[in-house]
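S.K.: Would you mind keeping the following structure in view while I ask a few things?
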Amino acid sequence: MNQICRNESTGSVKVIHGANDDTFNIAGVEIQSVRRNLADAFNLPTHAIPFVNGIRVSLDFHLVKGDTLEFVVPWGRKGATDDRDDYFLKSTDTLLKLNEVIYRLGRLEELVAEAIKQQAPSKEFYTVEEFGKLVDSSPYTVREHCRLGRLIATKATGGRGNTKEWRIPHTELVRYRNHGLLPLRKHGG
C-alpha cells in the first residue's frame, strides 16, 4: 500500500484510546510507530483500528500537526459510528480522502485474496484428520459423518496395511463450509 506523507513533519498530535489521551510532538511519524511506542502506556491492543480526524487510516499513514489520532477497538461503538462515511464524504481534505480510498482498496484486495484462497483447492482429497483440522472437528466425528453419508466421501486404499480409509474431496470441503452437513439418509423399507 502506498504511503501518503503530508509535508508538516513537526508539531503536536492528539492521541486517544479509551480513557487515555495526550498530545505528543509526533507529526511526520507513521501510525505503526506511534502504536508500538504507546502500546504499554495506553494499553493499546494490537487489533485496535486507527482513525485520524474521524477517518479510518492504515498503519503506514503519516501524521501531521493538528491531527487527532484515535485507536478504536473494533467491537466497540466509540469512534466507529455510522457517521464515518458521512464525514469522509463531507471532508475537504483530499489527502485524507485519498488515503481512505487507498485503505479501502487494500482491504478489498485482502478480502478477494482470502476468498480465492478459500476456494482454491490446496489438495484434491483430504484424510479425515486433515478435514477435521480444517473444520475444527475430531477425526472420529468426521469419520462418523462420512459413514452416515452426511459428508460426501469415498473409501480408498492407503495408510497402514492397505486398509481402506475415507477420502473427502475438496469440493465437499467447500460445500460443507457453505451449507453444513447433509441430512441423515433414511433407512428402511
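Ordering of the C-alpha cells sets the chain letters (A, B, ...); residue numbers start at 1 within each chain; ligands are numbered from 1 in the order shown.
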If you count only C-alpha atoms, which residues fall within 8 Å of range 36-51 of chain A, apart from same-chain ones fewer than 6 positions away, as a list in words?

M.R.: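 Skipping anything fewer than 6 positions along the chain leaves His17, Asn20, Val57, Ser58, Leu59, Leu69, Glu70, Phe71, Val72, Val73 and Pro74 of chain A.
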
S.K.: So, counting only C-alpha atoms, which residue among A:Asp67, A:Glu130, A:Glu144, A:Asp60 is closest to Tyr103 in chain A?

M.R.: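 Closest candidate: A:Asp60.
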
S.K.: Where in range 23-173 of chain A does DSSP assign helix (DSSP H, G or I), given as a PyMOL selection string?

M.R.: chain A and resi 31-38+83-90+94-119+128-135+139-147+160-162+170-173

S.K.: Go through A:Val34, A:Ala19, A:Val13, A:Ala113 and flag the residue nearest Asn53 in chain A, using only C-alpha atoms for the distances.

M.R.: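 Closest to Asn53 in chain A, using only C-alpha atoms: A:Val13.
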
S.K.: Can you work out which one of A:Arg56, A:His179, A:Ser33, A:Val15 has the shortest atom-to-atom distance to Arg107 in chain A, counting only C-alpha atoms?

M.R.: A:Arg56

S.K.: Could you please write out, as number ranges by chain, every residue of range 107-175 of chain A that DSSP assigns to strand (DSSP E)?

M.R.: A: 125-126, 154-157, 164-169

S.K.: Which polymer residues have any atom within 12 Å of an atom of Arg177 in chain A, counting only C-alpha atoms, with same-chain residues fewer than 4 positions away left out, as a PyMOL selection string?

M.R.: chain A and resi 118-119+131+134-136+151+170-173+181-182

S.K.: Here is a test: counting only C-alpha atoms, which residue of A:Leu184, A:Leu63, A:Leu148, A:Ile55 is nearest to Arg104 in chain A?

M.R.: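 Closest residue, counting only C-alpha atoms: A:Ile55.
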
S.K.: Just want the 12 Å neighbourhood of Arg147 in chain A, counted on only C-alpha atoms, with same-chain residues fewer than 2 positions away dropped. Output as a short mmCIF file (atom, residue, chain, number, x, y, z; two decimals) with C-alpha atoms, in the first residue's frame.

M.R.:
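Writing done, so here's around-v9.cif:
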data_model
loop_
_atom_site.label_atom_id
_atom_site.label_comp_id
_atom_site.auth_asym_id
_atom_site.auth_seq_id
_atom_site.Cartn_x
_atom_site.Cartn_y
_atom_site.Cartn_z
CA VAL A 128 -10.41 -37.41 7.96
CA TYR A 140 -13.82 -39.57 14.86
CA THR A 141 -16.64 -37.10 14.19
CA VAL A 142 -15.58 -36.62 10.56
CA ARG A 143 -15.37 -40.41 10.10
CA GLU A 144 -18.88 -40.83 11.52
CA HIS A 145 -20.27 -38.13 9.21
CA GLY A 149 -23.49 -40.05 4.46
CA ARG A 150 -23.59 -36.56 5.99
CA LEU A 151 -20.33 -35.80 4.15
CA ILE A 152 -19.65 -36.95 0.59
CA ALA A 153 -16.59 -39.18 0.78
CA THR A 154 -15.15 -42.35 -0.74
CA LYS A 155 -13.07 -45.15 0.70
CA GLU A 165 -9.71 -45.05 4.57
CA TRP A 166 -12.12 -42.20 3.92
CA ARG A 167 -11.05 -39.57 1.39
CA ILE A 168 -13.02 -36.32 1.22
CA LEU A 184 -29.25 -38.12 7.52
CA ARG A 185 -30.15 -40.76 4.97
#

S.K.: Give me the residues near Lys14 in chain A as JSON, numbers by chain, where near means some atom within 9 Å (using only C-alpha atoms) and where sequence neighbours in that chain fewer than 3 positions away do not count.

M.R.: {"A": [21, 22, 23, 24, 25, 66, 67, 68, 69, 70]}

S.K.: Would you export the selected residues with C-alpha atoms as a short mmCIF file (atom, residue, chain, number, x, y, z; two decimals), in the first residue's frame, please?

M.R.:
data_model
loop_
_atom_site.label_atom_id
_atom_site.label_comp_id
_atom_site.auth_asym_id
_atom_site.auth_seq_id
_atom_site.Cartn_x
_atom_site.Cartn_y
_atom_site.Cartn_z
CA ASP A 21 -5.47 10.82 25.77
CA ASP A 22 -2.45 13.09 25.48
CA THR A 23 -0.73 15.38 22.99
CA PHE A 24 2.65 14.39 21.56
CA ASN A 25 5.15 16.01 19.21
CA GLY A 66 -3.04 19.23 14.49
CA ASP A 67 -4.23 15.69 13.68
CA THR A 68 -6.24 13.70 16.20
CA LEU A 69 -5.33 10.00 16.22
CA GLU A 70 -7.78 7.67 17.91
#

S.K.: Here is a test: counting only C-alpha atoms, which residue of A:Leu108, A:Ala115, A:Val101, A:Ala156 is nearest to Thr127 in chain A?

M.R.: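 Nearest to Thr127 in chain A: A:Ala156.
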
S.K.: Work out how far CA of Phe61 in chain A is from CA of Lys97 in chain A, in Å to one decimal.

M.R.: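 Atom-to-atom, CA of Lys97 in chain A and CA of Phe61 in chain A are spaced 12.3 Å apart.
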
S.K.: Excluding Thr10 in chain A and residues on its chain fewer than 4 positions from it, collect all residues at most 8 Å away from it, counting only C-alpha atoms, and give them as a PyMOL selection string.

M.R.: chain A and resi 25-28+64-65

S.K.: Selection from above, C-alpha atoms, as a PDB file, in the first residue's frame, can you write it?

M.R.:
ATOM      1  CA  ASN A  25       5.154  16.014  19.208  1.00  0.00           C
ATOM      2  CA  ILE A  26       4.818  13.234  16.602  1.00  0.00           C
ATOM      3  CA  ALA A  27       3.846  14.982  13.358  1.00  0.00           C
ATOM      4  CA  GLY A  28       5.509  13.190  10.422  1.00  0.00           C
ATOM      5  CA  VAL A  64       0.648  15.984  10.607  1.00  0.00           C
ATOM      6  CA  LYS A  65       0.461  18.843  13.074  1.00  0.00           C
TER       7      LYS A  65
END
